[in-house]
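Colleague: The file below is coords-v4.txt, compact mmCIF, C-alpha atoms:
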```txt
# COMPACT_ATOMS: atom_id res chain seq x y z
CA MET A 891 5.53 -18.22 -16.91
CA LYS A 892 5.91 -15.21 -19.22
CA ARG A 893 2.14 -15.20 -19.67
CA ILE A 894 1.16 -15.42 -16.02
CA LEU A 895 3.80 -13.05 -14.59
CA PRO A 896 2.06 -9.86 -15.77
CA PHE A 897 -1.15 -10.93 -14.03
CA ILE A 898 0.73 -11.74 -10.81
CA ILE A 899 2.42 -8.33 -10.92
CA PHE A 900 -0.90 -6.65 -11.68
CA SER A 901 -2.57 -8.39 -8.74
CA LEU A 902 0.23 -7.28 -6.42
CA SER A 903 0.04 -3.68 -7.61
CA ILE A 904 -3.73 -3.52 -7.14
CA SER A 905 -3.64 -5.06 -3.65
CA LEU A 906 -0.96 -2.59 -2.58
CA ALA A 907 -2.59 0.41 -4.24
CA ASN A 908 -6.04 -0.04 -2.76
CA ALA A 909 -5.24 -0.46 0.94
CA GLN A 910 -2.63 0.18 3.56
CA PRO A 911 -1.11 -2.93 5.16
CA GLN A 912 -3.26 -4.73 7.72
CA GLU A 913 -2.20 -4.68 11.35
CA GLN A 914 -0.32 -7.79 12.49
CA LEU A 915 0.51 -9.32 15.86
CA ILE A 916 4.22 -8.70 15.29
CA GLU A 917 5.32 -5.32 13.94
CA VAL A 918 8.66 -4.89 12.14
CA LEU A 919 9.81 -1.25 11.98
CA VAL A 920 12.74 -0.18 9.80
CA ALA A 921 13.98 3.40 9.48
CA PRO A 922 17.09 5.18 8.15
CA ASP A 923 18.94 7.46 10.56
CA HIS A 924 17.99 10.64 8.69
CA ALA A 925 14.49 11.83 9.57
CA ASN A 926 13.74 12.64 5.93
CA TRP A 927 15.27 9.34 4.72
CA THR A 928 17.45 11.35 2.29
CA TYR A 929 21.25 11.45 1.92
CA HIS A 930 23.92 12.79 -0.36
CA VAL A 931 25.79 10.44 -2.66
CA GLY A 932 28.63 8.81 -0.71
CA GLU A 933 27.06 9.50 2.68
CA PRO A 934 26.57 6.36 4.83
CA VAL A 935 23.17 5.25 6.05
CA THR A 936 22.38 3.28 9.18
CA PHE A 937 19.05 1.47 9.44
CA THR A 938 17.40 1.00 12.81
CA VAL A 939 15.29 -2.15 13.21
CA SER A 940 12.69 -2.72 15.91
CA VAL A 941 10.53 -5.81 16.30
CA LEU A 942 7.50 -5.11 18.49
CA GLN A 943 4.73 -7.10 20.07
CA PHE A 944 1.96 -5.17 21.82
CA ASN A 945 4.06 -2.05 21.14
CA ASN A 946 7.00 -3.35 23.19
CA PRO A 947 10.35 -4.65 21.83
CA LEU A 948 10.33 -8.42 21.40
CA LYS A 949 13.48 -9.83 22.97
CA ASN A 950 15.76 -12.44 21.39
CA VAL A 951 14.05 -12.40 18.03
CA GLU A 952 15.83 -13.68 14.91
CA ILE A 953 15.89 -11.46 11.84
CA ASP A 954 17.28 -11.75 8.33
CA TYR A 955 18.05 -8.59 6.41
CA VAL A 956 18.94 -7.73 2.83
CA ILE A 957 20.47 -4.48 1.57
CA GLU A 958 19.86 -3.80 -2.12
CA PRO A 959 19.53 -0.98 -4.64
CA GLU A 960 15.77 -1.10 -5.30
CA GLN A 961 14.78 -3.98 -7.60
CA MET A 962 18.45 -4.96 -8.01
CA ALA A 963 20.55 -7.82 -6.63
CA ALA A 964 21.41 -7.80 -2.93
CA ILE A 965 24.73 -6.29 -1.92
CA LYS A 966 24.53 -7.51 1.69
CA THR A 967 22.61 -10.36 3.33
CA GLU A 968 22.96 -11.29 7.00
CA SER A 969 21.11 -12.70 10.01
CA LEU A 970 20.96 -11.20 13.49
CA ARG A 971 19.51 -11.98 16.88
CA LEU A 972 17.96 -8.89 18.46
CA LYS A 973 18.70 -9.38 22.15
CA ASP A 974 16.56 -6.42 23.19
CA GLY A 975 14.31 -6.26 20.13
CA ILE A 976 16.25 -3.37 18.57
CA ALA A 977 19.37 -3.24 16.37
CA SER A 978 21.30 -0.94 14.05
CA ILE A 979 22.40 -2.09 10.60
CA ALA A 980 25.17 -0.44 8.62
CA GLY A 981 23.63 -0.01 5.20
CA GLY A 982 26.58 1.42 3.31
CA SER A 983 26.03 4.11 0.70
CA MET A 984 25.50 4.78 -3.01
CA GLN A 985 27.95 6.40 -5.38
CA VAL A 986 25.29 7.57 -7.84
CA PRO A 987 21.85 9.13 -7.24
CA GLY A 988 19.28 6.47 -6.41
CA PHE A 989 17.67 4.45 -3.64
CA LEU A 990 19.05 1.83 -1.25
CA ARG A 991 16.54 -0.48 0.42
CA CYS A 992 16.83 -2.56 3.60
CA TRP A 993 14.44 -5.52 3.78
CA VAL A 994 13.99 -7.11 7.20
CA THR A 995 12.25 -10.41 7.94
CA ALA A 996 11.53 -11.48 11.51
CA THR A 997 10.50 -15.07 12.19
CA VAL A 998 8.33 -15.55 15.26
CA ASN A 999 6.70 -18.89 16.09
CA GLY A 1000 7.38 -20.10 12.57
CA LYS A 1001 5.65 -17.12 10.91
CA GLU A 1002 7.51 -14.49 8.89
CA TYR A 1003 6.90 -10.76 9.31
CA LYS A 1004 8.51 -8.49 6.74
CA SER A 1005 9.08 -4.78 6.24
CA CYS A 1006 11.58 -2.39 4.70
CA ALA A 1007 12.92 1.14 4.61
CA THR A 1008 14.51 2.95 1.71
CA ALA A 1009 17.17 5.65 1.75
CA GLY A 1010 17.25 8.14 -1.10
CA PHE A 1011 20.58 9.51 -2.35
CA ASP A 1012 20.32 12.89 -4.09
CA PRO A 1013 17.07 11.79 -5.77
CA GLU A 1014 16.56 15.21 -7.33
CA LYS A 1015 19.65 14.46 -9.48
CA ILE A 1016 18.31 11.21 -10.98
CA ALA A 1017 18.31 11.48 -14.77
CA PRO A 1018 16.21 9.28 -17.08
CA THR A 1019 17.60 6.46 -19.18
CA VAL A 1020 14.80 6.26 -21.74
CA GLN A 1021 15.54 7.68 -25.18
CA TYR A 1022 13.54 10.65 -26.46
CA PRO A 1023 12.56 9.95 -30.09
CA ASP A 1024 13.40 12.74 -32.53
CA ASP A 1025 9.85 12.64 -33.87
CA PHE A 1026 8.08 12.26 -30.52
CA ARG A 1027 6.03 15.45 -30.84
CA GLN A 1028 5.24 14.83 -34.49
CA PHE A 1029 4.11 11.27 -33.74
CA TRP A 1030 1.62 12.40 -31.11
CA GLN A 1031 0.49 15.48 -33.01
CA LYS A 1032 -0.41 13.28 -35.95
CA ALA A 1033 -2.17 10.78 -33.68
CA MET A 1034 -4.24 13.53 -32.05
CA GLU A 1035 -5.17 15.03 -35.40
CA GLU A 1036 -6.35 11.64 -36.63
CA ASN A 1037 -8.28 11.07 -33.42
CA ALA A 1038 -9.97 14.46 -33.72
CA LYS A 1039 -11.43 13.35 -37.07
CA VAL A 1040 -13.25 10.44 -35.41
CA PRO A 1041 -16.74 11.66 -34.42
CA MET A 1042 -17.14 11.67 -30.64
CA ASP A 1043 -20.69 10.27 -30.86
CA ALA A 1044 -21.24 10.86 -27.14
CA GLU A 1045 -23.95 8.89 -25.38
CA MET A 1046 -25.13 9.71 -21.84
CA THR A 1047 -27.27 7.41 -19.71
CA LEU A 1048 -28.66 8.72 -16.42
CA LEU A 1049 -27.97 6.48 -13.42
CA PRO A 1050 -30.82 7.56 -11.08
CA GLU A 1051 -29.73 5.34 -8.20
CA ARG A 1052 -26.37 7.12 -8.07
CA CYS A 1053 -27.64 10.68 -8.25
CA THR A 1054 -27.42 12.81 -5.13
CA GLU A 1055 -29.46 15.75 -3.94
CA LYS A 1056 -26.96 18.08 -5.60
CA SER A 1057 -25.59 16.10 -8.57
CA ASN A 1058 -26.73 14.01 -11.50
CA VAL A 1059 -24.71 10.93 -12.43
CA TYR A 1060 -24.45 9.44 -15.92
CA GLN A 1061 -22.61 6.67 -17.67
CA VAL A 1062 -20.90 8.16 -20.71
CA SER A 1063 -19.79 6.36 -23.87
CA LEU A 1064 -17.53 8.13 -26.36
CA GLN A 1065 -16.19 7.05 -29.72
CA ASN A 1066 -12.41 7.11 -29.70
CA PHE A 1067 -9.44 6.11 -31.85
CA LYS A 1068 -11.46 4.59 -34.69
CA PRO A 1069 -15.13 4.16 -35.64
CA GLY A 1070 -16.78 1.67 -33.31
CA SER A 1071 -14.10 1.86 -30.59
CA ARG A 1072 -15.64 3.18 -27.36
CA PHE A 1073 -14.29 4.85 -24.23
CA TYR A 1074 -16.48 4.87 -21.08
CA GLY A 1075 -16.75 7.09 -18.05
CA ILE A 1076 -18.96 7.97 -15.09
CA LEU A 1077 -19.91 11.65 -15.18
CA ALA A 1078 -21.16 13.59 -12.15
CA VAL A 1079 -22.57 17.08 -12.84
CA PRO A 1080 -23.91 19.63 -10.35
CA LYS A 1081 -27.70 20.04 -10.73
CA ALA A 1082 -27.82 23.76 -10.03
CA ASP A 1083 -27.78 26.13 -12.99
CA GLY A 1084 -24.41 27.65 -13.79
CA VAL A 1085 -20.99 26.73 -15.15
CA TYR A 1086 -18.36 24.79 -13.25
CA PRO A 1087 -14.71 23.67 -13.34
CA ALA A 1088 -13.95 20.00 -13.99
CA ILE A 1089 -11.78 17.11 -12.81
CA LEU A 1090 -10.84 14.16 -15.02
CA ARG A 1091 -10.07 11.07 -12.92
CA VAL A 1092 -7.92 8.50 -14.74
CA PRO A 1093 -7.65 4.88 -13.56
CA GLY A 1094 -5.05 2.64 -12.02
CA ALA A 1095 -4.07 -0.59 -13.73
CA GLY A 1096 -6.56 -3.37 -14.28
CA ALA A 1097 -10.31 -3.30 -14.84
CA ARG A 1098 -13.12 -2.63 -12.38
CA PRO A 1099 -16.45 -0.83 -12.07
CA TYR A 1100 -16.57 2.83 -11.06
CA ARG A 1101 -19.19 4.84 -9.22
CA GLY A 1102 -18.08 8.37 -10.09
CA ASP A 1103 -16.88 11.22 -7.90
CA THR A 1104 -20.05 12.73 -6.46
CA GLY A 1105 -18.17 14.18 -3.50
CA ASN A 1106 -16.49 16.83 -5.62
CA ALA A 1107 -19.55 17.21 -7.85
CA ASP A 1108 -21.61 18.10 -4.78
CA ARG A 1109 -19.00 20.80 -4.08
CA GLY A 1110 -19.58 22.37 -7.49
CA ILE A 1111 -17.07 20.58 -9.73
CA ILE A 1112 -17.90 18.46 -12.78
CA THR A 1113 -16.16 15.09 -12.45
CA LEU A 1114 -15.54 12.44 -15.09
CA GLU A 1115 -14.07 9.11 -13.95
CA VAL A 1116 -12.98 6.99 -16.91
CA GLY A 1117 -12.09 3.38 -17.64
CA ILE A 1118 -9.70 2.49 -20.45
CA HIS A 1119 -10.78 -0.88 -21.84
CA GLY A 1120 -13.77 0.04 -23.98
CA VAL A 1121 -16.41 -1.62 -21.79
CA PRO A 1122 -19.21 -0.19 -19.60
CA LEU A 1123 -18.25 0.64 -16.02
CA ASP A 1124 -21.39 -0.51 -14.21
CA MET A 1125 -21.12 -4.29 -14.61
CA GLU A 1126 -20.61 -6.85 -11.84
CA PRO A 1127 -17.02 -6.97 -10.47
CA SER A 1128 -16.69 -10.59 -11.59
CA VAL A 1129 -16.94 -9.48 -15.22
CA TYR A 1130 -13.80 -7.37 -14.88
CA SER A 1131 -11.98 -10.12 -13.00
CA ASP A 1132 -12.78 -12.49 -15.86
CA MET A 1133 -11.46 -9.94 -18.36
CA MET A 1134 -8.21 -9.65 -16.44
CA SER A 1135 -7.84 -13.42 -16.61
CA SER A 1136 -8.57 -13.60 -20.33
CA SER A 1137 -9.08 -10.86 -22.91
CA ILE A 1138 -6.91 -8.17 -21.29
CA ASP A 1139 -4.49 -10.34 -19.32
CA GLY A 1140 -1.18 -8.47 -19.52
CA TYR A 1141 -2.64 -5.73 -21.74
CA TRP A 1142 0.31 -3.46 -20.91
CA PHE A 1143 2.45 -5.57 -23.28
CA TYR A 1144 -0.08 -5.91 -26.14
CA ASN A 1145 1.54 -4.96 -29.49
CA LEU A 1146 4.59 -3.52 -27.75
CA ASP A 1147 6.61 -4.23 -30.89
CA ASP A 1148 4.54 -1.76 -32.95
CA LYS A 1149 4.33 1.87 -31.87
CA GLU A 1150 1.26 2.42 -34.05
CA ARG A 1151 -0.70 -0.47 -32.54
CA TYR A 1152 0.52 -0.59 -28.95
CA TYR A 1153 -2.36 -0.90 -26.45
CA TYR A 1154 -1.72 2.42 -24.75
CA LYS A 1155 -2.08 4.45 -27.94
CA ARG A 1156 -5.86 4.10 -27.82
CA VAL A 1157 -5.74 4.71 -24.05
CA TYR A 1158 -3.71 7.92 -24.23
CA LEU A 1159 -5.91 9.26 -27.01
CA GLY A 1160 -8.97 8.23 -25.01
CA CYS A 1161 -7.89 10.51 -22.19
CA VAL A 1162 -7.70 13.38 -24.67
CA ARG A 1163 -11.13 12.39 -26.00
CA ALA A 1164 -12.44 12.59 -22.42
CA VAL A 1165 -11.15 16.17 -22.29
CA ASP A 1166 -12.94 16.84 -25.60
CA PHE A 1167 -16.15 15.60 -24.01
CA ILE A 1168 -15.80 17.78 -20.93
CA PHE A 1169 -15.28 20.81 -23.15
CA SER A 1170 -18.50 19.93 -24.98
CA LEU A 1171 -20.60 20.11 -21.81
CA PRO A 1172 -22.70 23.29 -21.47
CA GLN A 1173 -22.14 23.14 -17.68
CA PHE A 1174 -18.34 23.38 -18.05
CA ASP A 1175 -16.81 26.81 -17.54
CA GLY A 1176 -14.63 26.30 -20.61
CA GLU A 1177 -11.31 26.85 -18.87
CA ASN A 1178 -10.60 25.28 -15.48
CA ILE A 1179 -9.86 21.57 -15.71
CA GLY A 1180 -7.53 19.25 -13.81
CA VAL A 1181 -6.54 15.60 -14.08
CA THR A 1182 -5.66 13.18 -11.29
CA GLY A 1183 -5.03 9.49 -10.64
CA GLY A 1184 -2.67 7.00 -9.02
CA SER A 1185 -0.23 4.40 -10.38
CA GLN A 1186 -1.32 3.87 -14.00
CA GLY A 1187 -3.61 6.82 -13.28
CA GLY A 1188 -0.61 8.85 -12.15
CA ALA A 1189 1.02 8.01 -15.48
CA LEU A 1190 -2.13 8.95 -17.41
CA SER A 1191 -2.36 12.25 -15.51
CA ILE A 1192 1.11 13.23 -16.73
CA VAL A 1193 0.47 11.89 -20.23
CA THR A 1194 -2.81 13.79 -20.55
CA ALA A 1195 -1.27 17.05 -19.35
CA GLY A 1196 1.70 16.54 -21.67
CA LEU A 1197 -0.52 15.93 -24.69
CA ASP A 1198 -3.33 18.40 -24.04
CA LYS A 1199 -2.56 21.95 -22.97
CA ARG A 1200 -6.24 22.53 -22.18
CA ILE A 1201 -5.45 20.78 -18.89
CA LYS A 1202 -4.63 23.46 -16.32
CA TYR A 1203 -3.56 21.38 -13.33
CA LEU A 1204 -2.47 17.82 -12.60
CA ALA A 1205 -2.24 15.79 -9.39
CA PRO A 1206 -0.55 12.40 -9.96
CA PHE A 1207 0.13 9.81 -7.27
CA TYR A 1208 3.01 7.28 -7.58
CA PRO A 1209 3.02 7.27 -11.41
CA ALA A 1210 3.68 4.02 -13.32
CA LEU A 1211 5.25 3.63 -16.78
CA CYS A 1212 8.20 5.88 -15.89
CA ASP A 1213 11.71 5.26 -17.25
CA LEU A 1214 10.92 1.71 -18.30
CA THR A 1215 14.43 1.17 -19.71
CA GLY A 1216 16.11 1.54 -16.32
CA TYR A 1217 16.70 -2.21 -16.15
CA LEU A 1218 18.72 -2.02 -19.35
CA HIS A 1219 21.06 0.40 -17.55
CA GLY A 1220 21.56 -1.48 -14.29
CA ARG A 1221 18.86 0.13 -12.18
CA ALA A 1222 15.11 -0.11 -11.51
CA GLY A 1223 12.60 0.48 -14.28
CA GLY A 1224 8.99 1.54 -13.86
CA TRP A 1225 5.87 -0.61 -13.64
CA PRO A 1226 5.19 -2.99 -15.38
CA HIS A 1227 8.95 -3.70 -15.13
CA THR A 1228 9.04 -4.37 -18.86
CA PHE A 1229 12.75 -5.15 -19.12
CA LYS A 1230 13.36 -6.89 -15.79
CA LYS A 1231 15.38 -9.88 -16.95
CA GLU A 1232 14.73 -11.94 -13.82
CA TRP A 1233 11.02 -11.96 -14.68
CA TYR A 1234 10.91 -11.90 -18.48
CA GLY A 1235 14.35 -12.91 -19.68
CA ASP A 1236 15.00 -11.16 -23.00
CA TRP A 1237 11.38 -11.53 -24.12
CA ASN A 1238 10.82 -7.74 -24.26
CA ASN A 1239 14.42 -6.75 -24.89
CA THR A 1240 14.14 -6.29 -28.65
CA PRO A 1241 14.90 -3.22 -30.79
CA LYS A 1242 11.25 -2.78 -31.81
CA LYS A 1243 9.93 -2.91 -28.26
CA ILE A 1244 12.62 -0.56 -26.97
CA GLU A 1245 11.74 1.84 -29.80
CA THR A 1246 8.03 1.71 -28.93
CA VAL A 1247 8.72 2.41 -25.26
CA GLY A 1248 10.29 5.74 -26.19
CA TYR A 1249 6.95 6.96 -27.55
CA TYR A 1250 4.93 5.88 -24.49
CA ASP A 1251 7.25 6.32 -21.51
CA VAL A 1252 5.88 8.88 -19.04
CA VAL A 1253 9.29 10.57 -18.83
CA ASN A 1254 8.89 11.86 -22.38
CA PHE A 1255 5.42 13.23 -21.66
CA ALA A 1256 6.73 14.82 -18.47
CA ARG A 1257 9.10 16.81 -20.70
CA GLN A 1258 6.00 18.37 -22.32
CA VAL A 1259 4.21 19.32 -19.08
CA MET A 1260 3.74 23.07 -18.68
CA GLN A 1261 0.98 23.04 -16.06
CA SER A 1262 1.16 23.37 -12.28
CA GLY A 1263 1.26 19.98 -10.58
CA PHE A 1264 0.88 18.34 -7.17
CA TYR A 1265 2.80 15.05 -6.93
CA SER A 1266 2.98 12.52 -4.13
CA TRP A 1267 4.60 9.14 -3.43
CA GLY A 1268 6.78 7.22 -0.97
CA TYR A 1269 10.31 5.85 -0.92
CA ASN A 1270 9.19 2.29 -0.09
CA ASP A 1271 7.12 1.83 -3.26
CA ASN A 1272 8.19 -1.50 -4.78
CA VAL A 1273 5.62 -1.42 -7.60
CA CYS A 1274 6.54 1.98 -9.03
CA PRO A 1275 10.16 2.41 -7.85
CA PRO A 1276 10.96 5.96 -6.67
CA THR A 1277 14.02 6.04 -8.95
CA THR A 1278 11.66 5.92 -11.92
CA MET A 1279 9.21 8.47 -10.57
CA TYR A 1280 12.00 10.93 -9.88
CA ALA A 1281 13.34 10.34 -13.40
CA ALA A 1282 10.05 11.75 -14.69
CA TYR A 1283 9.57 14.42 -12.03
CA ASN A 1284 13.06 15.85 -12.47
CA VAL A 1285 12.52 16.68 -16.16
CA ILE A 1286 9.32 18.66 -15.54
CA ASP A 1287 10.00 22.34 -16.17
CA ALA A 1288 6.81 23.76 -14.68
CA PRO A 1289 5.54 24.79 -11.23
CA LYS A 1290 5.49 21.60 -9.16
CA GLU A 1291 5.06 20.48 -5.58
CA LEU A 1292 6.16 17.07 -4.29
CA VAL A 1293 4.63 15.79 -1.06
CA LEU A 1294 6.50 12.74 0.24
CA ALA A 1295 5.33 10.17 2.73
CA GLN A 1296 8.61 8.30 2.77
CA ASP A 1297 7.37 5.18 4.53
CA THR A 1298 4.50 4.47 2.13
CA TRP A 1299 4.64 1.63 -0.35
CA HIS A 1300 2.24 1.57 -3.31
CA TRP A 1301 -0.46 3.43 -1.39
CA ALA A 1302 -1.02 6.81 0.21
CA TYR A 1303 -2.29 8.03 3.54
CA PRO A 1304 -5.77 9.61 3.63
CA GLU A 1305 -4.06 12.89 4.50
CA GLN A 1306 -2.13 12.79 1.21
CA TYR A 1307 -5.30 12.25 -0.81
CA ALA A 1308 -7.08 14.99 1.09
CA GLN A 1309 -4.21 17.43 0.58
CA SER A 1310 -4.07 16.65 -3.12
CA ASN A 1311 -7.81 17.05 -3.57
CA GLU A 1312 -7.91 20.34 -1.66
CA TRP A 1313 -5.00 21.64 -3.74
CA LEU A 1314 -6.78 20.72 -6.95
CA VAL A 1315 -10.17 22.09 -5.87
CA ALA A 1316 -8.61 25.36 -4.70
CA LYS A 1317 -6.75 25.80 -8.01
CA LEU A 1318 -9.84 25.06 -10.07
CA LYS A 1319 -12.00 27.43 -8.05
CA GLY A 1320 -9.35 30.15 -7.89
CA GLU A 1321 -9.26 30.08 -4.11
```
Can the structure in the file be given as structure tokens, please?
Modeller:
Amino acid sequence: MKRILPFIIFSLSISLANAQPQEQLIEVLVAPDHANWTYHVGEPVTFTVSVLQFNNPLKNVEIDYVIEPEQMAAIKTESLRLKDGIASIAGGSMQVPGFLRCWVTATVNGKEYKSCATAGFDPEKIAPTVQYPDDFRQFWQKAMEENAKVPMDAEMTLLPERCTEKSNVYQVSLQNFKPGSRFYGILAVPKADGVYPAILRVPGAGARPYRGDTGNADRGIITLEVGIHGVPLDMEPSVYSDMMSSSIDGYWFYNLDDKERYYYKRVYLGCVRAVDFIFSLPQFDGENIGVTGGSQGGALSIVTAGLDKRIKYLAPFYPALCDLTGYLHGRAGGWPHTFKKEWYGDWNNTPKKIETVGYYDVVNFARQVMQSGFYSWGYNDNVCPPTTMYAAYNVIDAPKELVLAQDTWHWAYPEQYAQSNEWLVAKLKGE
């Protein structure tokens, strides 16, 4: 079970990250009684539940509901019959900053329909639980210095079928971390003569092919979309699925008991190596560069900005790997829920693994961020709990903007992505 759980969690996170929920015959709507879903500590919340069919309340429907601090044990579980298809549920309150979630399940003709809403209590006051190692900066400075000694040995292969009228597209292979270890990306570069700003796009969890960001390249921005697993990014999707079932199954826990060999060390340094490559391009303007991504990519955006001050702007969505030790302190921890006892027992709860986490937790990179950032997520995210994302966001001492879509889970509306991209493009172009 310990072996297959990470893959199950990964599959859930990817399915939620890549698409909004599909429409269903029965719609369960849950909402707190504050329009912004936000309360002060000690303030009571009431959840309104509506069960709809064809946009009308469904009468005499049975529901079960659960009130819980996110990812924690239920504090209230009851059943109700909604005579008119609508009901109010007293959700209680929280006595410390955090999030209280109401799950509702309606059973209609033997089929279950489920949804939730999450109330935030003074989320801007959430403090991290993860320890900040005394030698955190020294550890990463040494790692970056060692990485800089590894020749980049950049290789570029034109992908003619992906080029557009305005942009050339290449697969890029870079040497990273140690001789022979490669880091791949899809580069899109404007064809017209001149110099341009750049965007580094960092990936969500898992493995998959990438096509590159020609949309922004056609607008006059160099884009580099990277993978993290040291394999080309233009293979058949089945190849990556096979990898996730075998060689990199649960990679987020590989060598977690050794901070020098943990899987993400090569990944974090690879993101810096990608910045090195962008700076080597004659088409780059030498100054204006941003980084963006969602979930694991949101984490890597913050990590890259924290490590490399050449990054000018960052735009993370629902970042993973934040405040992983939350579960050891009685509250939610970030994806991949490393210390969630109900899933892993005490498998990860060892001094060595807890020590390693301190060097890789996004919270501690957020402390290093000095660049302007655009951040976005939702209160209903049950893959990257909002408690953990706020734990990282709240320690950032730099210009920052948080755009919330409270009802979103581990996905974002097109309007959020568009707003983020326009913010980033405008910053990079000085508009």
Colleague: I want to know what sits within 12 Å of A:Gly1010, based on all atoms listed in the file, with residues of the same chain fewer than 2 positions away left out; could you give that as a PDB file with C-alpha atoms, in the coordinates of the input?
Modeller:
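After the write, result19.pdb holds the following:
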```
ATOM      1  CA  PRO A 922      17.090   5.180   8.150  1.00  0.00           C
ATOM      2  CA  ASP A 923      18.940   7.460  10.560  1.00  0.00           C
ATOM      3  CA  HIS A 924      17.990  10.640   8.690  1.00  0.00           C
ATOM      4  CA  ALA A 925      14.490  11.830   9.570  1.00  0.00           C
ATOM      5  CA  ASN A 926      13.740  12.640   5.930  1.00  0.00           C
ATOM      6  CA  TRP A 927      15.270   9.340   4.720  1.00  0.00           C
ATOM      7  CA  THR A 928      17.450  11.350   2.290  1.00  0.00           C
ATOM      8  CA  TYR A 929      21.250  11.450   1.920  1.00  0.00           C
ATOM      9  CA  HIS A 930      23.920  12.790  -0.360  1.00  0.00           C
ATOM     10  CA  VAL A 931      25.790  10.440  -2.660  1.00  0.00           C
ATOM     11  CA  GLY A 932      28.630   8.810  -0.710  1.00  0.00           C
ATOM     12  CA  GLU A 933      27.060   9.500   2.680  1.00  0.00           C
ATOM     13  CA  PRO A 934      26.570   6.360   4.830  1.00  0.00           C
ATOM     14  CA  VAL A 935      23.170   5.250   6.050  1.00  0.00           C
ATOM     15  CA  PRO A 959      19.530  -0.980  -4.640  1.00  0.00           C
ATOM     16  CA  GLU A 960      15.770  -1.100  -5.300  1.00  0.00           C
ATOM     17  CA  SER A 983      26.030   4.110   0.700  1.00  0.00           C
ATOM     18  CA  MET A 984      25.500   4.780  -3.010  1.00  0.00           C
ATOM     19  CA  GLN A 985      27.950   6.400  -5.380  1.00  0.00           C
ATOM     20  CA  VAL A 986      25.290   7.570  -7.840  1.00  0.00           C
ATOM     21  CA  PRO A 987      21.850   9.130  -7.240  1.00  0.00           C
ATOM     22  CA  GLY A 988      19.280   6.470  -6.410  1.00  0.00           C
ATOM     23  CA  PHE A 989      17.670   4.450  -3.640  1.00  0.00           C
ATOM     24  CA  LEU A 990      19.050   1.830  -1.250  1.00  0.00           C
ATOM     25  CA  ARG A 991      16.540  -0.480   0.420  1.00  0.00           C
ATOM     26  CA  CYS A 992      16.830  -2.560   3.600  1.00  0.00           C
ATOM     27  CA  ALA A1007      12.920   1.140   4.610  1.00  0.00           C
ATOM     28  CA  THR A1008      14.510   2.950   1.710  1.00  0.00           C
ATOM     29  CA  ASP A1012      20.320  12.890  -4.090  1.00  0.00           C
ATOM     30  CA  PRO A1013      17.070  11.790  -5.770  1.00  0.00           C
ATOM     31  CA  GLU A1014      16.560  15.210  -7.330  1.00  0.00           C
ATOM     32  CA  LYS A1015      19.650  14.460  -9.480  1.00  0.00           C
ATOM     33  CA  ILE A1016      18.310  11.210 -10.980  1.00  0.00           C
ATOM     34  CA  GLY A1268       6.780   7.220  -0.970  1.00  0.00           C
ATOM     35  CA  TYR A1269      10.310   5.850  -0.920  1.00  0.00           C
ATOM     36  CA  ASN A1270       9.190   2.290  -0.090  1.00  0.00           C
ATOM     37  CA  PRO A1275      10.160   2.410  -7.850  1.00  0.00           C
ATOM     38  CA  PRO A1276      10.960   5.960  -6.670  1.00  0.00           C
ATOM     39  CA  THR A1277      14.020   6.040  -8.950  1.00  0.00           C
ATOM     40  CA  TYR A1280      12.000  10.930  -9.880  1.00  0.00           C
ATOM     41  CA  LEU A1294       6.500  12.740   0.240  1.00  0.00           C
ATOM     42  CA  GLN A1296       8.610   8.300   2.770  1.00  0.00           C
ATOM     43  CA  ASP A1297       7.370   5.180   4.530  1.00  0.00           C
TER      44      ASP A1297
END
```
Colleague: Which of these, A:Lys1317, A:Lys1001, A:Lys949, A:His1300, has the shortest distance to A:Ala977 once you count all atoms listed in the file?
Modeller: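 Closest to A:Ala977, using all atoms listed in the file: A:Lys949.
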Colleague: When distances are computed from only C-alpha atoms, which of A:Gly1160, A:Gly1117, A:Gly1180, A:Gly1220 shows the smallest separation from A:Ala1205?
Modeller: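 With only C-alpha atoms as the atom set, the closest residue is A:Gly1180.
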Colleague: Just to confirm, what's the straight-line distance from atom CA of A:Phe937 to atom CA of A:Leu1214 in Å (one decimal)?
Modeller: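 These atoms are spaced 28.9 Å apart.
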Colleague: Looking at all atoms listed in the file, which of A:Met1260, A:Val1247, A:Ile1192, A:Leu1197 is the one that sits closest to A:Phe1143?
Modeller: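 Comparing A:Met1260, A:Val1247, A:Ile1192, A:Leu1197 against A:Phe1143, the winner is A:Val1247.
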